[in-house]
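Quick look at model.cif (mmCIF, C-alpha atoms):
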data_my_file
loop_
_atom_site.group_PDB
_atom_site.id
_atom_site.type_symbol
_atom_site.label_atom_id
_atom_site.label_comp_id
_atom_site.auth_asym_id
_atom_site.auth_seq_id
_atom_site.Cartn_x
_atom_site.Cartn_y
_atom_site.Cartn_z
ATOM 1 C CA MET A 1 -1.228 -8.216 48.626
ATOM 2 C CA THR A 2 0.911 -11.281 48.023
ATOM 3 C CA ALA A 3 2.475 -12.911 51.063
ATOM 4 C CA PRO A 4 6.021 -14.245 50.723
ATOM 5 C CA LEU A 5 6.264 -18.012 50.247
ATOM 6 C CA PRO A 6 7.567 -20.232 53.076
ATOM 7 C CA ASP A 7 11.355 -20.680 52.826
ATOM 8 C CA GLN A 8 11.503 -24.245 51.361
ATOM 9 C CA GLU A 9 8.618 -23.649 48.990
ATOM 10 C CA SER A 10 10.186 -20.360 47.914
ATOM 11 C CA HIS A 11 13.561 -22.027 47.360
ATOM 12 C CA ASP A 12 11.953 -24.805 45.272
ATOM 13 C CA MET A 13 9.976 -22.270 43.233
ATOM 14 C CA LEU A 14 13.090 -20.160 42.555
ATOM 15 C CA ARG A 15 15.056 -23.251 41.506
ATOM 16 C CA THR A 16 12.289 -24.314 39.129
ATOM 17 C CA TYR A 17 11.996 -20.781 37.766
ATOM 18 C CA ALA A 18 15.758 -20.536 37.140
ATOM 19 C CA GLN A 19 15.782 -23.853 35.245
ATOM 20 C CA ILE A 20 12.682 -23.418 33.108
ATOM 21 C CA GLU A 21 13.178 -23.699 29.349
ATOM 22 C CA LEU A 22 10.611 -21.899 27.253
ATOM 23 C CA PRO A 23 9.575 -22.260 23.642
ATOM 24 C CA GLU A 24 10.298 -19.340 21.328
ATOM 25 C CA GLY A 25 7.850 -16.489 21.773
ATOM 26 C CA GLN A 26 7.222 -17.113 25.483
ATOM 27 C CA ARG A 27 8.594 -15.580 28.688
ATOM 28 C CA ALA A 28 8.289 -16.545 32.354
ATOM 29 C CA GLU A 29 7.844 -14.437 35.479
ATOM 30 C CA LEU A 30 7.422 -15.379 39.134
ATOM 31 C CA ILE A 31 4.334 -13.501 40.358
ATOM 32 C CA GLY A 32 2.328 -14.191 43.498
ATOM 33 C CA GLY A 33 3.889 -17.599 44.152
ATOM 34 C CA GLU A 34 3.212 -18.798 40.605
ATOM 35 C CA ILE A 35 5.321 -19.141 37.512
ATOM 36 C CA VAL A 36 3.445 -17.179 34.870
ATOM 37 C CA ILE A 37 4.169 -17.900 31.221
ATOM 38 C CA SER A 38 3.016 -15.294 28.733
ATOM 39 C CA PRO A 39 3.475 -14.630 25.039
ATOM 40 C CA THR A 40 5.963 -12.078 23.847
ATOM 41 C CA PRO A 41 4.456 -8.660 23.046
ATOM 42 C CA THR A 42 2.582 -7.418 19.992
ATOM 43 C CA ASN A 43 4.132 -5.065 17.464
ATOM 44 C CA TYR A 44 2.194 -2.098 18.916
ATOM 45 C CA HIS A 45 3.512 -2.942 22.379
ATOM 46 C CA ASN A 46 7.061 -3.081 21.021
ATOM 47 C CA TRP A 47 6.552 0.202 19.165
ATOM 48 C CA ILE A 48 5.537 1.898 22.458
ATOM 49 C CA TYR A 49 8.667 0.444 24.080
ATOM 50 C CA SER A 50 10.772 1.766 21.214
ATOM 51 C CA GLU A 51 9.330 5.292 21.592
ATOM 52 C CA LEU A 52 9.928 5.250 25.356
ATOM 53 C CA HIS A 53 13.457 3.939 24.863
ATOM 54 C CA TYR A 54 14.170 6.721 22.401
ATOM 55 C CA LEU A 55 12.814 9.358 24.839
ATOM 56 C CA LEU A 56 14.805 8.015 27.796
ATOM 57 C CA ALA A 57 18.057 6.678 26.328
ATOM 58 C CA HIS A 58 20.011 9.886 25.699
ATOM 59 C CA HIS A 59 19.012 11.363 29.071
ATOM 60 C CA SER A 60 19.990 8.098 30.798
ATOM 61 C CA ARG A 61 23.286 7.563 28.994
ATOM 62 C CA GLU A 62 24.499 11.021 30.069
ATOM 63 C CA ARG A 63 24.070 9.864 33.685
ATOM 64 C CA GLY A 64 25.720 6.460 33.306
ATOM 65 C CA TRP A 65 22.400 4.591 33.205
ATOM 66 C CA SER A 66 21.109 1.990 30.756
ATOM 67 C CA VAL A 67 17.608 1.553 29.379
ATOM 68 C CA THR A 68 16.781 -2.066 28.644
ATOM 69 C CA ASN A 69 14.007 -4.636 28.492
ATOM 70 C CA THR A 70 13.566 -8.352 29.178
ATOM 71 C CA THR A 71 15.730 -8.064 32.297
ATOM 72 C CA THR A 72 14.573 -9.990 35.349
ATOM 73 C CA VAL A 73 14.123 -7.957 38.542
ATOM 74 C CA ALA A 74 14.487 -9.825 41.850
ATOM 75 C CA LEU A 75 12.027 -8.463 44.433
ATOM 76 C CA PRO A 76 13.277 -9.261 47.955
ATOM 77 C CA ALA A 77 10.089 -8.264 49.795
ATOM 78 C CA THR A 78 7.998 -10.893 48.000
ATOM 79 C CA GLY A 79 10.533 -13.339 46.526
ATOM 80 C CA GLU A 80 8.996 -12.678 43.113
ATOM 81 C CA ARG A 81 10.784 -12.229 39.789
ATOM 82 C CA TYR A 82 9.304 -9.771 37.286
ATOM 83 C CA VAL A 83 10.418 -9.102 33.736
ATOM 84 C CA PRO A 84 9.414 -5.468 33.147
ATOM 85 C CA ASP A 85 8.884 -4.121 29.665
ATOM 86 C CA LEU A 86 11.360 -1.322 30.420
ATOM 87 C CA LEU A 87 14.041 -0.982 33.065
ATOM 88 C CA ILE A 88 16.546 1.753 33.877
ATOM 89 C CA CYS A 89 19.518 1.119 36.156
ATOM 90 C CA GLU A 90 23.176 2.051 36.495
ATOM 91 C CA SER A 91 24.972 0.693 33.409
ATOM 92 C CA ALA A 92 27.529 -1.113 35.599
ATOM 93 C CA VAL A 93 24.765 -3.361 36.986
ATOM 94 C CA LEU A 94 24.270 -4.929 33.538
ATOM 95 C CA ARG A 95 27.923 -5.530 32.655
ATOM 96 C CA ASP A 96 28.409 -8.876 34.436
ATOM 97 C CA ALA A 97 27.773 -11.497 31.738
ATOM 98 C CA ARG A 98 27.162 -14.202 34.357
ATOM 99 C CA VAL A 99 24.247 -12.423 36.087
ATOM 100 C CA TRP A 100 20.703 -12.580 34.685
ATOM 101 C CA GLN A 101 18.833 -10.746 37.456
ATOM 102 C CA VAL A 102 18.902 -7.167 38.733
ATOM 103 C CA PRO A 103 18.174 -6.659 42.446
ATOM 104 C CA ALA A 104 15.291 -4.241 43.083
ATOM 105 C CA GLU A 105 17.613 -1.928 45.043
ATOM 106 C CA ASP A 106 19.659 -1.351 41.852
ATOM 107 C CA VAL A 107 16.632 -0.303 39.781
ATOM 108 C CA LEU A 108 15.924 3.385 39.122
ATOM 109 C CA LEU A 109 12.707 2.896 37.116
ATOM 110 C CA VAL A 110 10.609 0.043 35.792
ATOM 111 C CA GLY A 111 7.965 0.355 33.123
ATOM 112 C CA GLU A 112 5.140 -1.931 32.118
ATOM 113 C CA ILE A 113 3.074 -1.613 28.941
ATOM 114 C CA THR A 114 -0.279 -3.314 29.319
ATOM 115 C CA SER A 115 -1.522 -5.940 26.910
ATOM 116 C CA MET A 116 -4.623 -8.120 26.985
ATOM 117 C CA SER A 117 -2.695 -10.925 28.694
ATOM 118 C CA THR A 118 -0.983 -8.727 31.310
ATOM 119 C CA VAL A 119 -3.336 -5.824 32.046
ATOM 120 C CA LEU A 120 -4.565 -6.965 35.477
ATOM 121 C CA ARG A 121 -1.113 -8.018 36.677
ATOM 122 C CA ASP A 122 0.464 -4.780 35.435
ATOM 123 C CA ARG A 123 -2.195 -2.564 37.033
ATOM 124 C CA LYS A 124 -2.364 -4.323 40.405
ATOM 125 C CA ASN A 125 0.080 -7.155 41.210
ATOM 126 C CA LYS A 126 3.174 -5.531 39.780
ATOM 127 C CA ALA A 127 2.409 -2.109 41.239
ATOM 128 C CA GLN A 128 2.151 -3.774 44.649
ATOM 129 C CA GLY A 129 5.236 -5.967 44.177
ATOM 130 C CA TYR A 130 7.414 -3.108 42.978
ATOM 131 C CA GLY A 131 6.101 -0.936 45.827
ATOM 132 C CA ARG A 132 6.805 -3.564 48.471
ATOM 133 C CA SER A 133 10.386 -3.921 47.245
ATOM 134 C CA ARG A 134 10.740 -0.122 47.091
ATOM 135 C CA VAL A 135 11.449 0.226 43.383
ATOM 136 C CA PRO A 136 11.598 4.054 43.276
ATOM 137 C CA LEU A 137 9.585 4.697 40.101
ATOM 138 C CA TYR A 138 6.993 2.579 38.304
ATOM 139 C CA LEU A 139 5.765 3.814 34.922
ATOM 140 C CA LEU A 140 2.563 2.119 33.777
ATOM 141 C CA VAL A 141 1.776 2.762 30.114
ATOM 142 C CA ASP A 142 -1.764 1.557 29.524
ATOM 143 C CA PRO A 143 -2.992 1.683 25.910
ATOM 144 C CA LEU A 144 -6.027 -0.354 27.042
ATOM 145 C CA ASP A 145 -7.232 2.417 29.392
ATOM 146 C CA GLY A 146 -9.776 4.199 27.187
ATOM 147 C CA GLU A 147 -7.749 6.117 24.591
ATOM 148 C CA GLY A 148 -4.578 5.308 26.530
ATOM 149 C CA SER A 149 -2.890 6.601 29.673
ATOM 150 C CA ALA A 150 0.441 6.739 31.440
ATOM 151 C CA THR A 151 0.750 6.657 35.231
ATOM 152 C CA VAL A 152 3.881 7.394 37.224
ATOM 153 C CA PHE A 153 4.040 5.812 40.680
ATOM 154 C CA ALA A 154 6.666 7.335 43.005
ATOM 155 C CA GLU A 155 7.736 7.205 46.656
ATOM 156 C CA PRO A 156 7.073 3.541 47.530
ATOM 157 C CA ASP A 157 6.145 2.991 51.174
ATOM 158 C CA GLY A 158 7.244 -0.668 51.408
ATOM 159 C CA SER A 159 3.703 -1.936 52.022
ATOM 160 C CA GLY A 160 2.820 -2.312 48.352
ATOM 161 C CA ARG A 161 1.723 1.252 47.767
ATOM 162 C CA TYR A 162 3.229 4.333 46.233
ATOM 163 C CA ARG A 163 2.586 7.652 47.990
ATOM 164 C CA VAL A 164 2.524 9.582 44.699
ATOM 165 C CA GLU A 165 0.486 8.522 41.683
ATOM 166 C CA HIS A 166 0.172 10.804 38.655
ATOM 167 C CA ARG A 167 -1.932 9.700 35.660
ATOM 168 C CA VAL A 168 -2.152 11.464 32.285
ATOM 169 C CA LEU A 169 -4.008 10.577 29.110
ATOM 170 C CA PHE A 170 -2.125 9.930 25.886
ATOM 171 C CA GLY A 171 -1.496 13.356 24.392
ATOM 172 C CA GLU A 172 -0.665 15.000 27.735
ATOM 173 C CA ARG A 173 2.724 15.606 29.322
ATOM 174 C CA PHE A 174 4.136 14.451 32.639
ATOM 175 C CA THR A 175 7.452 14.817 34.408
ATOM 176 C CA LEU A 176 9.389 11.827 35.692
ATOM 177 C CA PRO A 177 10.429 12.690 39.263
ATOM 178 C CA GLU A 178 14.086 12.986 40.293
ATOM 179 C CA PRO A 179 16.616 11.636 39.650
ATOM 180 C CA PHE A 180 15.174 12.019 36.139
ATOM 181 C CA GLY A 181 13.429 15.402 36.138
ATOM 182 C CA LEU A 182 12.498 14.680 32.524
ATOM 183 C CA GLU A 183 9.293 15.813 30.814
ATOM 184 C CA ILE A 184 7.610 13.186 28.634
ATOM 185 C CA ASP A 185 5.087 14.049 25.919
ATOM 186 C CA THR A 186 2.754 11.050 25.641
ATOM 187 C CA SER A 187 1.370 12.162 22.291
ATOM 188 C CA VAL A 188 4.190 10.093 20.713
ATOM 189 C CA LEU A 189 2.543 6.953 22.171
ATOM 190 C CA ARG A 190 -0.583 7.236 20.057
ATOM 191 C CA PRO A 191 -0.742 4.749 17.168
ATOM 192 C CA GLU A 192 -1.825 7.394 14.620
#
Kindly return the structure encoded in the file as structure tokens.
Amino acid sequence: MTAPLPDQESHDMLRTYAQIELPEGQRAELIGGEIVISPTPTNYHNWIYSELHYLLAHHSRERGWSVTNTTTVALPATGERYVPDLLICESAVLRDARVWQVPAEDVLLVGEITSMSTVLRDRKNKAQGYGRSRVPLYLLVDPLDGEGSATVFAEPDGSGRYRVEHRVLFGERFTLPEPFGLEIDTSVLRPE
């Protein structure tokens, strides 16, 4: 579990993070008191995102929600800043052109798609960070887990854990808990 940074150190880190300029093809996140720079995703990763977006967009739009990516989530419990691969929130939250972060309390669901450079952070650090800041649903799509799996984490307890964890293999179905109540067929996530 990551402990929050002392106030001055945290302030300095956030200021540095907000001012960082990255070369094309790179993105920055604030994880565990460190600024982590990683490459942008592979085509397969983006294809999985596209399939998930397609599955979730119509359902979300009917409810006044938006499905997006590359949006920074501010996690108050840890002071971290994550850039999830998929995020769903009320559409109104995204309409202010001056704001580049979404507070964790405004997030309905975050999703991470593992890659070789992010697999450990996605499986452990981010699950804990999202749980500590009580992000209601965390969807971990893990094509590196054997033949591939999807895990839904629900009911965060604020200590870095989720009370409910449901994992399925690619090819199986799962239901996103309320407020979604939406069944997802993971067979569409296979690269075949």
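The space separating atom CA of A:Tyr17 from atom CA of A:Ile35 comes to 6.9 Å.
Proximity ranking of A:Leu56, A:Val93, A:Met116, A:Leu139 relative to A:Thr42 places A:Met116 first, based on all atoms listed in the file.
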Selected residue, from A:Thr16, A:Gln8, A:Gln26, A:Ser115, that lies nearest to A:Ser38 when counting all atoms listed in the file: A:Gln26
Residue IDs satisfying the PyMOL selection byres ((chain A and resi 31) around 12), as a VMD selection string: chain A and resid 1 to 5 10 13 to 14 17 28 to 30 32 to 38 72 to 75 78 to 84 118 121 to 122 124 to 130
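Nearest to A:Phe174 of all the residues A:Thr186, A:Thr40, A:Ser133, A:Thr71 is A:Thr186, based on only C-alpha atoms.
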Given the PyMOL selection byres ((chain A and resi 103) around 8), the residues it picks as a ChimeraX atom specification: /A:73-76,101-102,104-107
Nearby residues (all atoms listed in the file) at most 8 Å from A:Glu155, same-chain spacing under 2 positions excluded, as a count of residues only: 8
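Separating atom CA of A:Asp142 from atom CA of A:Tyr49 is a distance of 11.8 Å.
Separating atom CA of A:His166 from atom CA of A:Ala150 is a distance of 8.3 Å.
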Selected residue, from A:Pro39, A:Gly64, A:Gly181, A:Gly131, that lies nearest to A:Ala77 when counting all atoms listed in the file: A:Gly131
Selection: 12 Å around A:Glu51, only C-alpha atoms, excl. self and same-chain fewer than 6 positions, as number ranges by chain: A: 44-45, 57, 67, 86, 113, 141, 184-191
Please save C-alpha atoms of the selected residues as a compact mmCIF listing (two decimals), in the frame of the given file.
# COMPACT_ATOMS: atom_id res chain seq x y z
CA TYR A 44 2.19 -2.10 18.92
CA HIS A 45 3.51 -2.94 22.38
CA ALA A 57 18.06 6.68 26.33
CA VAL A 67 17.61 1.55 29.38
CA LEU A 86 11.36 -1.32 30.42
CA ILE A 113 3.07 -1.61 28.94
CA VAL A 141 1.78 2.76 30.11
CA ILE A 184 7.61 13.19 28.63
CA ASP A 185 5.09 14.05 25.92
CA THR A 186 2.75 11.05 25.64
CA SER A 187 1.37 12.16 22.29
CA VAL A 188 4.19 10.09 20.71
CA LEU A 189 2.54 6.95 22.17
CA ARG A 190 -0.58 7.24 20.06
CA PRO A 191 -0.74 4.75 17.17
Hits from the PyMOL selection byres ((chain A and resi 110) around 6), listed as a list in words: Leu86, Leu87, Leu109, Gly111 and Tyr138 of chain A
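Closest approach to A:Leu182 among A:Val119, A:Ala92, A:Leu55, A:Leu108 is made by A:Leu55 (distances from all atoms listed in the file).
Using all atoms listed in the file for every distance, the candidate list A:Phe180, A:Trp65, A:Trp100, A:Phe170 yields A:Trp100 as the residue closest to A:Ala18.
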Test item: write stretch 43-149 of chain A with C-alpha atoms as a short mmCIF file (atom, residue, chain, number, x, y, z; two decimals), in the first residue's frame:
data_model
loop_
_atom_site.label_atom_id
_atom_site.label_comp_id
_atom_site.auth_asym_id
_atom_site.auth_seq_id
_atom_site.Cartn_x
_atom_site.Cartn_y
_atom_site.Cartn_z
CA ASN A 43 -2.49 -1.55 -31.64
CA TYR A 44 -3.92 -4.65 -29.91
CA HIS A 45 -4.35 -2.66 -26.71
CA ASN A 46 -6.15 0.09 -28.62
CA TRP A 47 -8.32 -2.48 -30.40
CA ILE A 48 -9.45 -3.86 -26.99
CA TYR A 49 -10.24 -0.30 -25.89
CA SER A 50 -12.23 0.24 -29.07
CA GLU A 51 -14.30 -2.93 -28.49
CA LEU A 52 -14.99 -1.94 -24.88
CA HIS A 53 -15.91 1.59 -25.93
CA TYR A 54 -18.33 0.21 -28.49
CA LEU A 55 -19.93 -2.10 -25.89
CA LEU A 56 -20.29 0.65 -23.28
CA ALA A 57 -20.94 3.85 -25.25
CA HIS A 58 -24.60 3.46 -26.22
CA HIS A 59 -25.56 2.22 -22.74
CA SER A 60 -23.66 5.14 -21.17
CA ARG A 61 -24.94 7.86 -23.48
CA GLU A 62 -28.55 6.94 -22.65
CA ARG A 63 -27.74 7.74 -19.00
CA GLY A 64 -25.89 11.00 -19.62
CA TRP A 65 -22.45 9.43 -19.16
CA SER A 66 -19.35 9.61 -21.35
CA VAL A 67 -16.83 6.89 -22.13
CA THR A 68 -13.35 8.25 -22.70
CA ASN A 69 -9.65 7.52 -22.38
CA THR A 70 -6.45 9.43 -21.60
CA THR A 71 -8.25 11.39 -18.88
CA THR A 72 -6.33 11.98 -15.66
CA VAL A 73 -8.05 10.84 -12.46
CA ALA A 74 -7.08 12.65 -9.24
CA LEU A 75 -7.02 10.21 -6.30
CA PRO A 76 -7.46 12.13 -3.02
CA ALA A 77 -6.61 9.23 -0.69
CA THR A 78 -3.09 8.87 -2.10
CA GLY A 79 -2.42 12.14 -3.95
CA GLU A 80 -1.73 10.09 -7.07
CA ARG A 81 -2.78 10.83 -10.65
CA TYR A 82 -3.67 7.89 -12.89
CA VAL A 83 -4.49 7.93 -16.58
CA PRO A 84 -6.80 4.92 -17.03
CA ASP A 85 -7.23 3.27 -20.39
CA LEU A 86 -11.00 3.70 -20.06
CA LEU A 87 -13.10 5.99 -17.90
CA ILE A 88 -16.84 6.49 -17.52
CA CYS A 89 -18.27 9.54 -15.76
CA GLU A 90 -21.17 11.96 -16.02
CA SER A 91 -20.80 13.80 -19.35
CA ALA A 92 -21.03 17.18 -17.60
CA VAL A 93 -17.75 16.47 -15.76
CA LEU A 94 -15.85 16.55 -19.07
CA ARG A 95 -17.38 19.71 -20.53
CA ASP A 96 -15.13 22.29 -18.83
CA ALA A 97 -12.36 22.97 -21.37
CA ARG A 98 -10.08 24.40 -18.67
CA VAL A 99 -10.02 21.24 -16.50
CA TRP A 100 -7.71 18.32 -17.30
CA GLN A 101 -8.39 16.11 -14.27
CA VAL A 102 -11.46 14.23 -13.05
CA PRO A 103 -11.83 13.82 -9.27
CA ALA A 104 -12.19 10.18 -8.19
CA GLU A 105 -15.60 10.93 -6.66
CA ASP A 106 -16.93 11.82 -10.14
CA VAL A 107 -15.82 8.52 -11.70
CA LEU A 108 -18.34 5.71 -12.26
CA LEU A 109 -15.88 3.17 -13.71
CA VAL A 110 -12.22 2.99 -14.65
CA GLY A 111 -10.68 0.35 -16.86
CA GLU A 112 -7.09 -0.70 -17.37
CA ILE A 113 -5.84 -2.95 -20.17
CA THR A 114 -2.56 -4.58 -19.24
CA SER A 115 0.53 -4.35 -21.39
CA MET A 116 4.08 -5.54 -20.80
CA SER A 117 5.06 -2.14 -19.40
CA THR A 118 2.03 -1.72 -17.12
CA VAL A 119 0.96 -5.21 -16.03
CA LEU A 120 2.25 -5.09 -12.44
CA ARG A 121 0.98 -1.55 -11.81
CA ASP A 122 -2.42 -2.35 -13.31
CA ARG A 123 -2.85 -5.57 -11.32
CA LYS A 124 -1.67 -4.24 -7.95
CA ASN A 125 -0.86 -0.52 -7.54
CA LYS A 126 -3.82 0.82 -9.46
CA ALA A 127 -6.30 -1.61 -7.92
CA GLN A 128 -5.15 -0.41 -4.51
CA GLY A 129 -5.10 3.29 -5.46
CA TYR A 130 -8.55 3.20 -7.02
CA GLY A 131 -9.85 1.24 -4.01
CA ARG A 132 -8.39 3.68 -1.50
CA SER A 133 -10.04 6.60 -3.29
CA ARG A 134 -13.31 4.64 -3.53
CA VAL A 135 -13.63 4.53 -7.30
CA PRO A 136 -16.80 2.39 -7.46
CA LEU A 137 -15.84 0.00 -10.27
CA TYR A 138 -12.45 -1.07 -11.60
CA LEU A 139 -12.39 -3.21 -14.75
CA LEU A 140 -9.06 -4.92 -15.34
CA VAL A 141 -8.75 -6.40 -18.83
CA ASP A 142 -5.67 -8.60 -18.83
CA PRO A 143 -4.70 -10.12 -22.19
CA LEU A 144 -1.41 -11.21 -20.57
CA ASP A 145 -3.20 -13.50 -18.07
CA GLY A 146 -2.95 -16.86 -19.85
CA GLU A 147 -5.42 -16.69 -22.75
CA GLY A 148 -6.79 -13.43 -21.35
CA SER A 149 -9.13 -12.44 -18.53
#
